[in-house]
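Undergrad: Have a peek at upload.cif (mmCIF, C-alpha atoms).
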```cif
data_model
loop_
_atom_site.label_atom_id
_atom_site.label_comp_id
_atom_site.auth_asym_id
_atom_site.auth_seq_id
_atom_site.Cartn_x
_atom_site.Cartn_y
_atom_site.Cartn_z
CA MET A 1 -11.59 21.93 -3.30
CA ILE A 2 -7.92 21.28 -2.56
CA ASP A 3 -5.15 20.35 -4.94
CA ALA A 4 -3.22 17.10 -4.71
CA ALA A 5 0.00 18.59 -3.31
CA ALA A 6 -1.87 20.42 -0.56
CA ALA A 7 -3.81 17.26 0.22
CA GLU A 8 -0.56 15.31 0.59
CA VAL A 9 0.80 17.86 3.07
CA ARG A 10 -2.45 18.00 5.02
CA ALA A 11 -2.85 14.23 5.06
CA ALA A 12 0.73 13.84 6.34
CA ALA A 13 -0.20 16.23 9.15
CA GLY A 14 -3.04 13.89 10.14
CA ASP A 15 -5.96 15.38 8.21
CA VAL A 16 -8.15 12.34 7.48
CA ALA A 17 -10.40 14.28 5.09
CA ALA A 18 -7.37 15.19 2.97
CA PHE A 19 -6.32 11.55 3.03
CA GLY A 20 -9.82 10.65 1.83
CA PHE A 21 -9.35 13.05 -1.07
CA LEU A 22 -6.11 11.28 -2.02
CA VAL A 23 -7.82 7.89 -1.81
CA ARG A 24 -10.61 9.04 -4.11
CA GLN A 25 -8.06 10.44 -6.54
CA HIS A 26 -5.86 7.34 -6.72
CA GLN A 27 -8.21 4.44 -6.03
CA SER A 28 -9.19 3.74 -9.63
CA PRO A 29 -5.73 3.42 -11.25
CA LEU A 30 -4.31 1.68 -8.18
CA ARG A 31 -7.10 -0.89 -8.07
CA GLY A 32 -6.79 -1.33 -11.84
CA TYR A 33 -3.04 -1.96 -11.47
CA LEU A 34 -3.64 -4.50 -8.70
CA ARG A 35 -6.41 -6.20 -10.66
CA ARG A 36 -3.98 -6.67 -13.48
CA LEU A 37 -1.30 -7.99 -11.12
CA THR A 38 -3.73 -10.45 -9.54
CA ARG A 39 -4.90 -11.55 -13.00
CA GLY A 40 -8.41 -10.19 -12.55
CA ASN A 41 -9.02 -11.34 -8.96
CA HIS A 42 -11.07 -8.29 -7.96
CA ALA A 43 -11.60 -9.27 -4.33
CA LEU A 44 -7.90 -9.87 -3.71
CA ALA A 45 -6.96 -6.73 -5.62
CA ASP A 46 -9.33 -4.63 -3.52
CA ASP A 47 -8.00 -6.15 -0.29
CA LEU A 48 -4.48 -5.31 -1.40
CA ALA A 49 -5.55 -1.80 -2.40
CA GLN A 50 -7.08 -1.27 1.03
CA GLU A 51 -3.92 -2.51 2.77
CA THR A 52 -1.85 -0.28 0.49
CA PHE A 53 -3.81 2.83 1.44
CA LEU A 54 -3.76 1.94 5.15
CA GLU A 55 0.00 1.43 5.06
CA ALA A 56 0.34 4.70 3.13
CA HIS A 57 -1.67 6.46 5.83
CA ARG A 58 0.58 5.05 8.57
CA LYS A 59 3.74 6.07 6.72
CA LEU A 60 2.59 9.37 5.23
CA SER A 61 4.93 11.35 7.47
CA GLN A 62 7.85 9.45 5.91
CA PHE A 63 6.83 10.31 2.35
CA ALA A 64 7.89 13.97 2.64
CA GLY A 65 7.43 14.73 -1.05
CA LYS A 66 10.31 12.55 -2.27
CA GLY A 67 9.28 11.65 -5.83
CA SER A 68 5.66 11.44 -6.84
CA PHE A 69 2.96 10.39 -4.42
CA ALA A 70 1.54 7.98 -7.01
CA GLY A 71 4.94 6.30 -7.44
CA TRP A 72 5.29 5.93 -3.69
CA LEU A 73 1.80 4.44 -3.51
CA TYR A 74 2.47 1.94 -6.33
CA ALA A 75 5.71 0.90 -4.61
CA ILE A 76 3.70 -0.03 -1.51
CA ALA A 77 1.13 -1.84 -3.66
CA TRP A 78 3.82 -3.80 -5.52
CA SER A 79 5.52 -4.92 -2.30
CA ARG A 80 2.12 -5.84 -0.80
CA PHE A 81 1.36 -7.89 -3.90
CA LEU A 82 4.72 -9.68 -3.71
CA MET A 83 4.19 -10.52 -0.03
CA GLU A 84 0.72 -11.85 -0.76
CA ALA A 85 1.92 -13.83 -3.78
CA ARG A 86 4.65 -15.47 -1.71
CA LYS A 87 2.25 -16.20 1.13
CA ARG A 88 -0.43 -17.68 -1.07
CA LYS A 89 2.01 -19.14 -3.59
CA LEU A 90 -0.16 -17.50 -6.25
CA GLU A 91 2.33 -18.01 -9.02
CA PRO A 92 6.07 -18.30 -9.55
CA LEU A 93 7.76 -14.99 -8.95
CA ASP A 94 11.46 -15.47 -9.38
CA ASP A 95 11.95 -18.52 -11.51
CA MET A 96 11.94 -18.42 -15.27
CA ASP A 97 8.50 -18.99 -16.60
CA ASP A 98 8.52 -20.58 -20.00
CA ARG A 99 4.80 -20.88 -20.43
CA VAL A 100 5.06 -18.39 -23.24
CA ALA A 101 7.42 -20.01 -25.67
CA PRO A 102 7.72 -19.25 -29.40
CA GLN A 103 6.10 -22.60 -30.16
CA SER A 104 2.94 -21.71 -28.19
CA ASP A 105 -0.37 -23.05 -29.37
CA PRO A 106 -1.09 -21.44 -32.75
CA ALA A 107 -4.82 -21.72 -32.11
CA LEU A 108 -4.47 -19.42 -29.10
CA LYS A 109 -6.82 -16.47 -29.32
CA LEU A 110 -6.24 -13.97 -26.57
CA ASP A 111 -7.04 -10.41 -25.87
CA LEU A 112 -4.49 -8.18 -24.20
CA GLU A 113 -5.67 -8.78 -20.63
CA LYS A 114 -5.58 -12.53 -21.05
CA ALA A 115 -2.17 -12.32 -22.67
CA LEU A 116 -0.86 -10.12 -19.86
CA ALA A 117 -2.14 -12.64 -17.34
CA LEU A 118 0.24 -15.19 -18.84
CA LEU A 119 3.31 -13.07 -18.19
CA ARG A 120 5.43 -13.24 -15.05
CA PRO A 121 4.34 -10.68 -12.42
CA PRO A 122 7.41 -8.44 -12.82
CA GLU A 123 6.80 -8.26 -16.57
CA ARG A 124 3.10 -7.56 -16.05
CA SER A 125 3.90 -4.87 -13.52
CA ALA A 126 6.64 -3.26 -15.61
CA LEU A 127 4.48 -3.11 -18.72
CA THR A 128 1.50 -1.71 -16.83
CA LEU A 129 3.54 0.95 -15.05
CA CYS A 130 5.42 2.06 -18.16
CA PHE A 131 2.60 1.90 -20.69
CA ALA A 132 -0.89 2.04 -19.15
CA LEU A 133 0.17 4.32 -16.29
CA GLY A 134 2.70 6.23 -18.37
CA MET A 135 5.54 6.19 -15.85
CA PRO A 136 9.09 6.88 -16.97
CA HIS A 137 11.34 3.79 -16.75
CA GLU A 138 13.33 5.32 -13.90
CA GLU A 139 10.24 5.81 -11.77
CA ALA A 140 8.89 2.34 -12.58
CA ALA A 141 12.26 0.88 -11.55
CA GLU A 142 11.97 2.73 -8.23
CA VAL A 143 8.43 1.45 -7.73
CA MET A 144 9.56 -2.13 -8.30
CA LYS A 145 12.84 -1.59 -6.44
CA VAL A 146 14.92 -3.04 -9.25
CA PRO A 147 17.84 -1.57 -11.21
CA LEU A 148 16.89 0.32 -14.35
CA GLY A 149 18.45 -2.36 -16.57
CA THR A 150 16.33 -5.07 -14.95
CA LEU A 151 13.19 -3.00 -15.43
CA LYS A 152 14.03 -2.51 -19.10
CA SER A 153 14.60 -6.21 -19.57
CA HIS A 154 11.22 -6.97 -17.91
CA VAL A 155 9.60 -4.57 -20.39
CA ALA A 156 11.45 -6.02 -23.39
CA ARG A 157 10.76 -9.64 -22.46
CA GLY A 158 7.13 -8.89 -21.67
CA ARG A 159 6.66 -7.20 -25.03
CA GLU A 160 8.27 -10.08 -26.88
CA LYS A 161 6.03 -12.60 -25.16
CA LEU A 162 2.96 -10.48 -25.83
CA LYS A 163 3.85 -10.20 -29.51
CA ILE A 164 3.92 -13.97 -29.74
CA LEU A 165 0.70 -14.39 -27.80
CA LEU A 166 -1.19 -11.73 -29.71
CA LYS A 167 0.10 -12.58 -33.15
CA ASP A 168 -2.71 -15.01 -33.91
CA HIS A 169 -5.22 -12.70 -32.31
CA ASP A 170 -4.11 -9.84 -34.61
CA HIS A 171 -4.49 -12.08 -37.63
CA GLU A 172 -8.05 -12.80 -36.57
CA SER A 173 -8.97 -9.15 -36.03
CA MET B 1 -3.27 -0.64 -33.61
CA ASN B 2 0.19 -1.94 -32.70
CA LEU B 3 1.17 -3.58 -29.43
CA ASP B 4 2.56 -0.44 -27.80
CA GLN B 5 -0.64 1.45 -28.55
CA HIS B 6 -2.65 -1.42 -27.07
CA LEU B 7 -0.48 -1.40 -23.96
CA SER B 8 -0.71 2.37 -23.62
CA GLN B 9 -4.49 2.26 -23.36
CA PRO B 10 -5.40 3.52 -19.87
CA LEU B 11 -6.51 0.91 -17.37
CA ALA B 12 -10.24 0.33 -17.23
CA PRO B 13 -11.68 2.78 -14.69
CA VAL B 14 -12.74 1.19 -11.42
CA ARG B 15 -15.84 2.68 -9.83
CA ASP B 16 -15.37 3.79 -6.25
CA ASP B 17 -18.57 2.11 -4.98
CA GLY B 18 -17.94 3.11 -1.38
CA PHE B 19 -14.29 2.00 -1.36
CA SER B 20 -13.00 5.43 -0.25
CA ILE B 21 -15.69 5.91 2.37
CA LEU B 22 -15.02 2.49 3.92
CA LEU B 23 -11.32 3.12 3.93
CA VAL B 24 -11.62 6.52 5.59
CA ARG B 25 -13.96 4.95 8.15
CA ARG B 26 -11.33 2.31 8.90
CA VAL B 27 -8.67 5.00 9.29
CA ARG B 28 -10.86 6.99 11.69
CA ALA B 29 -11.72 3.85 13.69
CA GLY B 30 -8.02 3.02 13.94
CA GLU B 31 -7.24 6.51 15.19
CA ARG B 32 -10.02 6.28 17.78
CA ARG B 33 -8.63 2.95 19.01
CA MET B 34 -5.14 4.42 19.22
CA LYS B 35 -6.40 7.39 21.23
CA ALA B 36 -8.29 5.05 23.57
CA VAL B 37 -5.13 3.00 24.15
CA ILE B 38 -3.04 6.11 24.81
CA TRP B 39 -5.55 7.59 27.24
CA SER B 40 -5.97 4.26 29.02
CA LEU B 41 -2.22 3.92 29.44
CA LEU B 42 -1.98 7.50 30.67
CA ALA B 43 -4.79 6.89 33.14
CA LEU B 44 -3.09 3.71 34.33
CA GLY B 45 0.16 5.56 34.67
CA PHE B 46 -1.35 8.38 36.67
CA ALA B 47 -3.59 6.26 38.89
CA PRO B 48 -0.82 5.45 41.39
CA VAL B 49 0.16 9.13 41.50
CA LEU B 50 -3.43 10.13 42.29
CA LEU B 51 -3.61 7.43 44.93
CA ALA B 52 -0.33 8.55 46.43
CA LEU B 53 -1.40 12.18 46.49
CA GLN B 54 -4.81 11.13 47.76
CA LEU B 55 -6.48 13.57 45.40
CA VAL B 56 -9.15 11.06 44.59
CA ASP B 57 -10.99 9.61 47.51
CA THR B 58 -11.17 5.97 46.53
CA GLY B 59 -11.13 4.66 50.05
CA ILE B 60 -7.78 3.06 49.24
CA ARG B 61 -4.98 4.29 51.40
CA LEU B 62 -1.59 3.10 50.30
CA PRO B 63 1.37 3.15 52.63
CA PRO B 64 3.82 5.82 51.45
CA ASP B 65 6.47 3.20 50.58
CA MET B 66 4.01 1.30 48.42
CA ALA B 67 2.80 4.48 46.70
CA GLN B 68 6.36 5.54 45.96
CA TRP B 69 7.21 2.08 44.68
CA LEU B 70 4.16 2.06 42.38
CA ASN B 71 5.01 5.50 41.15
CA SER B 72 8.57 4.62 40.26
CA GLN B 73 7.99 1.05 39.08
CA LEU B 74 4.73 1.49 37.20
CA ALA B 75 3.90 5.08 36.39
CA TYR B 76 7.28 6.06 35.03
CA PRO B 77 7.76 3.06 32.71
CA LEU B 78 4.15 3.32 31.52
CA GLY B 79 4.55 7.02 30.84
CA MET B 80 7.74 6.31 28.91
CA MET B 81 5.98 3.58 26.93
CA VAL B 82 3.21 6.00 25.96
CA LEU B 83 5.70 8.65 24.90
CA LEU B 84 7.73 6.13 22.89
CA TRP B 85 4.57 4.85 21.22
CA VAL B 86 3.45 8.33 20.25
CA TRP B 87 6.89 9.41 19.05
CA LYS B 88 7.80 6.07 17.46
CA PRO B 89 7.51 7.30 13.83
CA ARG B 90 9.81 10.24 14.58
CA LEU B 91 12.31 8.33 16.72
CA PHE B 92 12.54 5.24 14.54
CA PRO B 93 11.77 6.22 10.95
CA ARG B 94 11.83 3.22 8.60
#
```
Taking this structure as input, can you express it in the form of structure tokens?

TA:
Amino acid sequence: MIDAAAAEVRAAAGDVAAFGFLVRQHQSPLRGYLRRLTRGNHALADDLAQETFLEAHRKLSQFAGKGSFAGWLYAIAWSRFLMEARKRKLEPLDDMDDRVAPQSDPALKLDLEKALALLRPPERSALTLCFALGMPHEEAAEVMKVPLGTLKSHVARGREKLKILLKDHDHES
Amino acid sequence: MNLDQHLSQPLAPVRDDGFSILLVRRVRAGERRMKAVIWSLLALGFAPVLLALQLVDTGIRLPPDMAQWLNSQLAYPLGMMVLLWVWKPRLFPR
């Protein structure tokens, strides 16, 4: 049994078994993160996860222990997702998305996953990184390659939208 | 439970179901392909040298001028290409 830090060093030196250990350790949260980003498209999320790990394997020598390995991995996954979203025109990435307005349908009953799926990808990513994955804001900003202020505004806007979306749901439950 | 507590719930665990094994297999296959390419290029690069030195009796006898030309025009650039390919991550880090 090897620990994660030793596995990172050994994998960077070309040890495929150590890389396999890292994959096993990180596959579940990474695939969960990508599933959330792709709004539950499991096949696409798994393809992206596979590409993320393969890219990580190619670039392992460049990682060199700067920051956390998980953060570095999520940064690759986020950029892979953005590339794929642009290629497939999955959903608007940069423009303002006003689907979630204060006057949204009052009959809307949504659980958290469905509500998150209605947010813009940067908001979805920021909330997932900071809350579900427990990353500090600084690290999440590095993952998403945005300034800290932008990350915080993604989190704040995402939370506001979720509050509106889940308000009716909370009343029901 | 308030919103922040909802959001802080860990992501639903995703079962491995062979994901890691397939990925490691792909990595190993990629490495094998890379080695095959490198060895093929090395062999190509050294073939003219062997012919010129006549260490391998292939029945092909190259005139010395031709052998020297092949050596300088083919073997050297191919050898350099192989070295660059192998050292690419160190020479050109992203």

Undergrad: Just need the residues of chain B within 9 Å of chain A, counting only C-alpha atoms, so spit them out as a list in words.

TA: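 Within 9 Å of chain A on chain B, we get Leu3, Asp4, Gln5, His6, Leu7, Ser8, Gln9, Pro10, Leu11, Ala12, Pro13, Val14, Arg15, Asp16, Phe19, Ser20, Ile21, Leu23, Val24, Arg26, Val27, Arg28, Pro89, Arg90, Pro93 and Arg94 of chain B.
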
Undergrad: Please indicate the distance in Å from CA of Pro122 in chain A to CA of Gly158 in chain A, rounded to one decimal place.

TA: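 Separation of CA of Pro122 in chain A and CA of Gly158 in chain A: 8.9 Å.
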
Undergrad: Quick one: everything within 7 Å of range 64-76 of chain B, counting only C-alpha atoms, minus sequence neighbours fewer than 5 positions away in the same chain. Send it as a PyMOL selection string.

TA: chain B and resi 45-46+48-49+52

Undergrad: Generate the output file for the selected residues, C-alpha atoms, as a compact mmCIF listing (two decimals), in the coordinates of the input.

TA:
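Output contents, as saved in again_1.txt:
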```txt
# COMPACT_ATOMS: atom_id res chain seq x y z
CA GLY B 45 0.16 5.56 34.67
CA PHE B 46 -1.35 8.38 36.67
CA PRO B 48 -0.82 5.45 41.39
CA VAL B 49 0.16 9.13 41.50
CA ALA B 52 -0.33 8.55 46.43
```

Undergrad: Evaluate the PyMOL selection byres ((chain A and resi 135-141) around 9) and record the selected residues as a ChimeraX atom specification, following the chain and residue labels used in the document.

TA: /A:67-68,71,74-75,125-126,128-134,142-152

Undergrad: Written as a ChimeraX atom specification, what is the full residue list that the PyMOL selection byres ((chain A and resi 8) around 9) yields on the file shown?

TA: /A:3-7,9-13,18-19,22,60,64-65,69

Undergrad: For CA of Pro121 in chain A and CA of Asp17 in chain B, quote the distance in Å rounded to one decimal.

TA: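 That distance, rounded to one decimal, is 27.3 Å.
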